[in-house]
>>> print(open('entry17.cif').read())   # mmCIF, C-alpha atoms
data_entry
loop_
_atom_site.label_atom_id
_atom_site.label_comp_id
_atom_site.auth_asym_id
_atom_site.auth_seq_id
_atom_site.Cartn_x
_atom_site.Cartn_y
_atom_site.Cartn_z
CA MET W 1145 0.00 0.00 0.00
CA ARG W 1146 2.92 2.35 0.74
CA VAL W 1147 4.21 1.78 -2.78
CA PHE W 1148 0.83 2.76 -4.21
CA TYR W 1149 0.78 6.05 -2.26
CA LEU W 1150 4.37 6.76 -3.19
CA PHE W 1151 3.53 6.15 -6.85
CA LEU W 1152 0.47 8.39 -6.59
CA LEU W 1153 2.53 11.18 -5.00
CA LEU W 1154 5.19 10.89 -7.69
CA LEU W 1155 2.54 10.97 -10.42
CA CYS W 1156 0.98 14.13 -8.96
CA CYS W 1157 4.37 15.84 -8.76
CA LEU W 1158 5.22 14.98 -12.34
CA TRP W 1159 1.81 16.06 -13.61
CA GLY W 1160 2.26 19.48 -11.99
CA CYS W 1161 5.66 19.97 -13.62
CA ARG W 1162 4.49 19.80 -17.21
CA PRO W 1163 4.42 23.10 -19.15
CA PRO W 1164 1.03 24.76 -19.48
CA ASP W 1165 -0.78 24.35 -22.78
CA LYS W 1166 -0.89 27.55 -24.79
CA ALA W 1167 -4.34 28.35 -26.06
CA PRO W 1168 -4.16 29.23 -29.76
CA VAL W 1169 -5.00 32.78 -30.71
CA SER W 1170 -8.14 32.51 -32.82
CA SER W 1171 -7.26 35.21 -35.35
CA LEU W 1172 -4.94 38.16 -35.86
CA THR W 1173 -6.26 41.32 -37.50
CA LEU W 1174 -3.54 42.54 -39.85
CA LEU W 1175 -5.57 45.44 -41.26
CA ASN W 1176 -8.92 46.95 -40.40
CA ASP W 1177 -9.69 50.23 -42.11
CA SER W 1178 -12.87 51.70 -43.57
CA THR W 1179 -12.73 49.59 -46.76
CA ILE W 1180 -10.63 46.47 -46.05
CA GLN W 1181 -10.40 43.93 -43.26
CA LEU W 1182 -7.54 41.41 -43.34
CA GLU W 1183 -7.29 38.54 -40.82
CA LEU W 1184 -4.94 35.62 -40.26
CA SER W 1185 -6.15 32.44 -38.54
CA PRO W 1186 -4.86 31.08 -36.24
CA GLY W 1187 -3.41 34.33 -34.99
CA ASP W 1188 -0.19 32.88 -33.56
CA ALA W 1189 0.68 31.56 -37.06
CA PRO W 1190 2.15 28.16 -36.14
CA VAL W 1191 4.58 26.80 -38.73
CA GLU W 1192 3.82 23.65 -40.74
CA THR W 1193 0.13 24.07 -39.96
CA PRO W 1194 -2.57 25.17 -42.43
CA LEU W 1195 -3.17 28.91 -42.07
CA LEU W 1196 -6.05 30.92 -43.49
CA LEU W 1197 -5.82 34.51 -44.70
CA GLN W 1198 -9.20 36.24 -45.13
CA LEU W 1199 -9.78 39.54 -46.91
CA THR W 1200 -13.15 41.27 -46.65
CA ALA W 1201 -13.82 44.24 -48.93
CA THR W 1202 -16.54 45.37 -51.32
CA ASP W 1203 -16.33 45.38 -55.13
CA VAL W 1204 -13.13 43.32 -55.35
CA LEU W 1205 -12.42 41.61 -58.67
CA GLY W 1206 -9.26 39.78 -57.69
CA VAL W 1207 -6.53 39.38 -55.09
CA SER W 1208 -2.97 38.14 -55.53
CA GLY W 1209 -0.08 38.03 -53.13
CA GLU W 1210 2.97 36.39 -51.64
CA LEU W 1211 4.79 35.94 -48.36
CA THR W 1212 8.52 36.41 -47.84
CA GLY W 1213 10.71 35.93 -44.82
CA VAL W 1214 12.14 39.06 -43.18
CA SER W 1215 14.15 37.52 -40.32
CA MET W 1216 15.60 34.89 -42.62
CA TYR W 1217 15.36 34.13 -46.34
CA MET W 1218 12.70 31.46 -46.83
CA GLY W 1219 11.90 31.97 -50.49
CA LYS W 1220 8.52 33.23 -51.65
CA VAL W 1221 5.24 31.63 -50.62
CA PRO W 1222 2.66 32.35 -53.34
CA LEU W 1223 -0.92 32.91 -52.18
CA ARG W 1224 -3.83 31.62 -54.25
CA PHE W 1225 -7.04 33.44 -53.36
CA SER W 1226 -10.56 32.25 -54.00
CA GLN W 1227 -13.83 33.96 -53.19
CA ARG W 1228 -16.33 32.30 -50.87
CA GLN W 1229 -19.49 34.12 -49.79
CA GLY W 1230 -17.99 37.56 -50.44
CA ILE W 1231 -14.76 36.83 -48.56
CA TRP W 1232 -11.46 36.30 -50.35
CA GLN W 1233 -9.48 33.44 -48.79
CA ALA W 1234 -6.06 31.88 -49.21
CA GLU W 1235 -4.87 28.77 -47.36
CA PHE W 1236 -1.11 28.24 -47.01
CA LEU W 1237 1.69 26.78 -44.89
CA LEU W 1238 4.75 28.47 -43.43
CA GLY W 1239 8.00 26.55 -43.31
CA ALA W 1240 9.87 26.02 -40.05
CA CYS W 1241 13.27 27.60 -39.55
CA SER W 1242 15.74 28.08 -36.72
CA ASP W 1243 13.99 31.27 -35.51
CA PRO W 1244 11.04 30.41 -33.21
CA ASN W 1245 9.61 33.91 -33.73
CA MET W 1246 10.13 34.38 -37.48
CA LEU W 1247 9.04 37.71 -39.00
CA TRP W 1248 7.14 37.41 -42.31
CA GLN W 1249 6.07 40.07 -44.80
CA LEU W 1250 2.79 39.80 -46.66
CA GLN W 1251 2.39 41.65 -49.96
CA LEU W 1252 -1.06 41.84 -51.54
CA GLU W 1253 -2.38 43.36 -54.74
CA ILE W 1254 -6.14 44.02 -54.68
CA GLN W 1255 -8.02 44.85 -57.90
CA PHE W 1256 -11.33 46.67 -57.51
CA ALA W 1257 -14.30 46.77 -59.88
CA ASP W 1258 -13.81 50.50 -60.59
CA GLY W 1259 -10.35 49.77 -62.06
CA GLN W 1260 -8.33 50.87 -59.06
CA THR W 1261 -5.58 48.72 -57.58
CA ARG W 1262 -4.38 48.81 -53.98
CA SER W 1263 -1.12 47.36 -52.73
CA LEU W 1264 -0.80 46.25 -49.10
CA THR W 1265 2.30 45.29 -47.13
CA GLU W 1266 1.82 43.84 -43.64
CA GLN W 1267 4.15 41.96 -41.29
CA PHE W 1268 3.48 39.27 -38.68
CA HIS W 1269 5.38 36.72 -36.60
CA SER W 1270 5.09 32.94 -36.82
CA SER W 1271 5.60 30.53 -33.93
CA TRP W 1272 6.71 26.97 -33.28
#
>>> encode(input="entry17.cif", output="structure tokens")
Amino acid sequence: MRVFYLFLLLLCCLWGCRPPDKAPVSSLTLLNDSTIQLELSPGDAPVETPLLLQLTATDVLGVSGELTGVSMYMGKVPLRFSQRQGIWQAEFLLGACSDPNMLWQLQLEIQFADGQTRSLTEQFHSSW
């Protein structure tokens, strides 16, 4: 019986020593102005995990873009946008590197129905 209690005590001590689970950030607002809202989900941008970029704006004909590494060269990640229920979405993956808090730069080109084009450049950090 003493062995059982000793085992139970050891188990409780070990259980309390594990690192706390980080709750994922649901989304990160990269831009929110009067005409365009741009969000990244999940907001902590974990590497090697599907990420979703959502652009909400009115009268948009098309969106194109790419991601590049700022902290370290990681090549270019092309973004392929599709429209679903009035929201432009692109799903992509970020590669892992030696920097646990990698800085990325997002470049978007938005074409509006009135012929105007708007270029956006936003930065965010990934995590692993």
>>> closest_residue(input="entry17.cif", among="W:Ser1270, W:Thr1193, W:Gln1251, W:Ser1208", to="Ala1234 in chain W", atoms="all atoms listed in the file")
W:Ser1208
>>> residues_around(input="entry17.cif", residues="range 1181-1184 of chain W", least_positions_apart="6", cutoff="6 Å", atoms="all atoms listed in the file", output="count of residues only")
10
>>> atom_distance(input="entry17.cif", atom1="CA of Phe1256 in chain W", atom2="CA of Gln1233 in chain W")
16.0 Å
>>> atom_distance(input="entry17.cif", atom1="CA of Val1214 in chain W", atom2="CA of Ala1201 in chain W")
27.1 Å
>>> resolve_selection(input="entry17.cif", expression="the PyMOL selection byres ((chain W and resi 1220) around 12)", output="list in words")
Gly1209, Glu1210, Leu1211, Thr1212, Gly1213, Val1214, Met1216, Tyr1217, Met1218, Gly1219, Val1221, Pro1222, Leu1223, Phe1236, Leu1237, Leu1238, Gly1239, Trp1248, Gln1249, Leu1250 and Gln1251 of chain W
>>> decode(input="entry17.cif", residues="range 1165-1198 of chain W", atoms="N, CA, C and O atoms", output="mmCIF file, in the first residue's frame")
data_model
loop_
_atom_site.group_PDB
_atom_site.id
_atom_site.type_symbol
_atom_site.label_atom_id
_atom_site.label_comp_id
_atom_site.auth_asym_id
_atom_site.auth_seq_id
_atom_site.Cartn_x
_atom_site.Cartn_y
_atom_site.Cartn_z
ATOM 1 N N ASP W 1165 -0.398 24.313 -21.365
ATOM 2 C CA ASP W 1165 -0.775 24.348 -22.775
ATOM 3 C C ASP W 1165 -1.119 25.770 -23.157
ATOM 4 O O ASP W 1165 -1.853 26.457 -22.448
ATOM 5 N N LYS W 1166 -0.564 26.218 -24.294
ATOM 6 C CA LYS W 1166 -0.888 27.553 -24.788
ATOM 7 C C LYS W 1166 -2.172 27.464 -25.603
ATOM 8 O O LYS W 1166 -2.281 26.639 -26.499
ATOM 9 N N ALA W 1167 -3.112 28.300 -25.277
ATOM 10 C CA ALA W 1167 -4.340 28.353 -26.062
ATOM 11 C C ALA W 1167 -4.048 29.097 -27.360
ATOM 12 O O ALA W 1167 -3.433 30.170 -27.339
ATOM 13 N N PRO W 1168 -4.432 28.534 -28.506
ATOM 14 C CA PRO W 1168 -4.159 29.226 -29.760
ATOM 15 C C PRO W 1168 -4.957 30.525 -29.864
ATOM 16 O O PRO W 1168 -6.077 30.618 -29.383
ATOM 17 N N VAL W 1169 -4.331 31.507 -30.466
ATOM 18 C CA VAL W 1169 -5.003 32.778 -30.711
ATOM 19 C C VAL W 1169 -5.912 32.561 -31.914
ATOM 20 O O VAL W 1169 -5.461 32.119 -32.970
ATOM 21 N N SER W 1170 -7.198 32.850 -31.767
ATOM 22 C CA SER W 1170 -8.144 32.510 -32.822
ATOM 23 C C SER W 1170 -7.846 33.213 -34.144
ATOM 24 O O SER W 1170 -7.833 32.592 -35.186
ATOM 25 N N SER W 1171 -7.612 34.510 -34.113
ATOM 26 C CA SER W 1171 -7.259 35.214 -35.345
ATOM 27 C C SER W 1171 -6.486 36.484 -35.012
ATOM 28 O O SER W 1171 -6.570 37.011 -33.907
ATOM 29 N N LEU W 1172 -5.737 36.939 -35.989
ATOM 30 C CA LEU W 1172 -4.941 38.157 -35.862
ATOM 31 C C LEU W 1172 -5.408 39.123 -36.940
ATOM 32 O O LEU W 1172 -5.385 38.789 -38.124
ATOM 33 N N THR W 1173 -5.842 40.297 -36.541
ATOM 34 C CA THR W 1173 -6.260 41.317 -37.502
ATOM 35 C C THR W 1173 -5.014 42.049 -37.980
ATOM 36 O O THR W 1173 -4.338 42.722 -37.203
ATOM 37 N N LEU W 1174 -4.708 41.887 -39.263
ATOM 38 C CA LEU W 1174 -3.543 42.543 -39.850
ATOM 39 C C LEU W 1174 -3.876 43.944 -40.340
ATOM 40 O O LEU W 1174 -3.030 44.823 -40.353
ATOM 41 N N LEU W 1175 -5.122 44.133 -40.773
ATOM 42 C CA LEU W 1175 -5.566 45.441 -41.262
ATOM 43 C C LEU W 1175 -7.067 45.546 -41.056
ATOM 44 O O LEU W 1175 -7.809 44.599 -41.350
ATOM 45 N N ASN W 1176 -7.487 46.694 -40.563
ATOM 46 C CA ASN W 1176 -8.919 46.950 -40.395
ATOM 47 C C ASN W 1176 -9.149 48.440 -40.594
ATOM 48 O O ASN W 1176 -9.049 49.221 -39.664
ATOM 49 N N ASP W 1177 -9.390 48.819 -41.848
ATOM 50 C CA ASP W 1177 -9.688 50.230 -42.114
ATOM 51 C C ASP W 1177 -11.111 50.335 -42.650
ATOM 52 O O ASP W 1177 -11.874 49.388 -42.604
ATOM 53 N N SER W 1178 -11.478 51.470 -43.169
ATOM 54 C CA SER W 1178 -12.867 51.700 -43.574
ATOM 55 C C SER W 1178 -13.297 50.841 -44.762
ATOM 56 O O SER W 1178 -14.489 50.610 -44.945
ATOM 57 N N THR W 1179 -12.352 50.351 -45.563
ATOM 58 C CA THR W 1179 -12.730 49.586 -46.759
ATOM 59 C C THR W 1179 -12.258 48.129 -46.765
ATOM 60 O O THR W 1179 -12.822 47.316 -47.480
ATOM 61 N N ILE W 1180 -11.234 47.803 -45.995
ATOM 62 C CA ILE W 1180 -10.630 46.471 -46.054
ATOM 63 C C ILE W 1180 -10.393 45.924 -44.658
ATOM 64 O O ILE W 1180 -9.906 46.627 -43.773
ATOM 65 N N GLN W 1181 -10.736 44.648 -44.485
ATOM 66 C CA GLN W 1181 -10.397 43.929 -43.262
ATOM 67 C C GLN W 1181 -9.590 42.704 -43.665
ATOM 68 O O GLN W 1181 -10.004 41.940 -44.549
ATOM 69 N N LEU W 1182 -8.439 42.501 -43.029
ATOM 70 C CA LEU W 1182 -7.539 41.405 -43.342
ATOM 71 C C LEU W 1182 -7.208 40.655 -42.060
ATOM 72 O O LEU W 1182 -6.715 41.263 -41.104
ATOM 73 N N GLU W 1183 -7.509 39.346 -42.026
ATOM 74 C CA GLU W 1183 -7.294 38.541 -40.824
ATOM 75 C C GLU W 1183 -6.520 37.276 -41.143
ATOM 76 O O GLU W 1183 -6.703 36.678 -42.212
ATOM 77 N N LEU W 1184 -5.703 36.855 -40.176
ATOM 78 C CA LEU W 1184 -4.935 35.622 -40.262
ATOM 79 C C LEU W 1184 -5.405 34.690 -39.156
ATOM 80 O O LEU W 1184 -5.489 35.091 -37.996
ATOM 81 N N SER W 1185 -5.709 33.440 -39.519
ATOM 82 C CA SER W 1185 -6.147 32.436 -38.541
ATOM 83 C C SER W 1185 -5.322 31.173 -38.696
ATOM 84 O O SER W 1185 -5.099 30.732 -39.817
ATOM 85 N N PRO W 1186 -4.883 30.567 -37.601
ATOM 86 C CA PRO W 1186 -4.862 31.080 -36.244
ATOM 87 C C PRO W 1186 -3.877 32.232 -36.101
ATOM 88 O O PRO W 1186 -2.908 32.338 -36.851
ATOM 89 N N GLY W 1187 -4.147 33.084 -35.140
ATOM 90 C CA GLY W 1187 -3.409 34.328 -34.987
ATOM 91 C C GLY W 1187 -1.951 34.188 -34.580
ATOM 92 O O GLY W 1187 -1.156 35.075 -34.849
ATOM 93 N N ASP W 1188 -1.586 33.059 -33.937
ATOM 94 C CA ASP W 1188 -0.186 32.881 -33.558
ATOM 95 C C ASP W 1188 0.648 32.296 -34.691
ATOM 96 O O ASP W 1188 1.844 32.108 -34.554
ATOM 97 N N ALA W 1189 0.028 32.015 -35.828
ATOM 98 C CA ALA W 1189 0.684 31.556 -37.060
ATOM 99 C C ALA W 1189 1.688 30.426 -36.826
ATOM 100 O O ALA W 1189 2.877 30.589 -37.072
ATOM 101 N N PRO W 1190 1.215 29.274 -36.348
ATOM 102 C CA PRO W 1190 2.150 28.162 -36.141
ATOM 103 C C PRO W 1190 2.687 27.637 -37.475
ATOM 104 O O PRO W 1190 1.953 27.550 -38.456
ATOM 105 N N VAL W 1191 3.972 27.297 -37.496
ATOM 106 C CA VAL W 1191 4.585 26.797 -38.731
ATOM 107 C C VAL W 1191 4.112 25.373 -39.003
ATOM 108 O O VAL W 1191 3.670 24.667 -38.104
ATOM 109 N N GLU W 1192 4.192 24.993 -40.277
ATOM 110 C CA GLU W 1192 3.824 23.653 -40.740
ATOM 111 C C GLU W 1192 2.414 23.256 -40.321
ATOM 112 O O GLU W 1192 2.133 22.101 -40.026
ATOM 113 N N THR W 1193 1.536 24.247 -40.294
ATOM 114 C CA THR W 1193 0.127 24.068 -39.961
ATOM 115 C C THR W 1193 -0.675 24.892 -40.968
ATOM 116 O O THR W 1193 -0.285 26.013 -41.277
ATOM 117 N N PRO W 1194 -1.778 24.363 -41.485
ATOM 118 C CA PRO W 1194 -2.574 25.170 -42.428
ATOM 119 C C PRO W 1194 -3.038 26.481 -41.797
ATOM 120 O O PRO W 1194 -3.588 26.497 -40.701
ATOM 121 N N LEU W 1195 -2.769 27.569 -42.503
ATOM 122 C CA LEU W 1195 -3.175 28.910 -42.073
ATOM 123 C C LEU W 1195 -4.164 29.458 -43.088
ATOM 124 O O LEU W 1195 -4.112 29.117 -44.266
ATOM 125 N N LEU W 1196 -5.029 30.341 -42.626
ATOM 126 C CA LEU W 1196 -6.046 30.923 -43.487
ATOM 127 C C LEU W 1196 -5.961 32.439 -43.418
ATOM 128 O O LEU W 1196 -6.010 33.024 -42.333
ATOM 129 N N LEU W 1197 -5.826 33.064 -44.574
ATOM 130 C CA LEU W 1197 -5.820 34.510 -44.697
ATOM 131 C C LEU W 1197 -7.160 34.907 -45.309
ATOM 132 O O LEU W 1197 -7.544 34.363 -46.352
ATOM 133 N N GLN W 1198 -7.887 35.822 -44.649
ATOM 134 C CA GLN W 1198 -9.199 36.244 -45.132
ATOM 135 C C GLN W 1198 -9.223 37.747 -45.354
ATOM 136 O O GLN W 1198 -8.849 38.516 -44.466
#
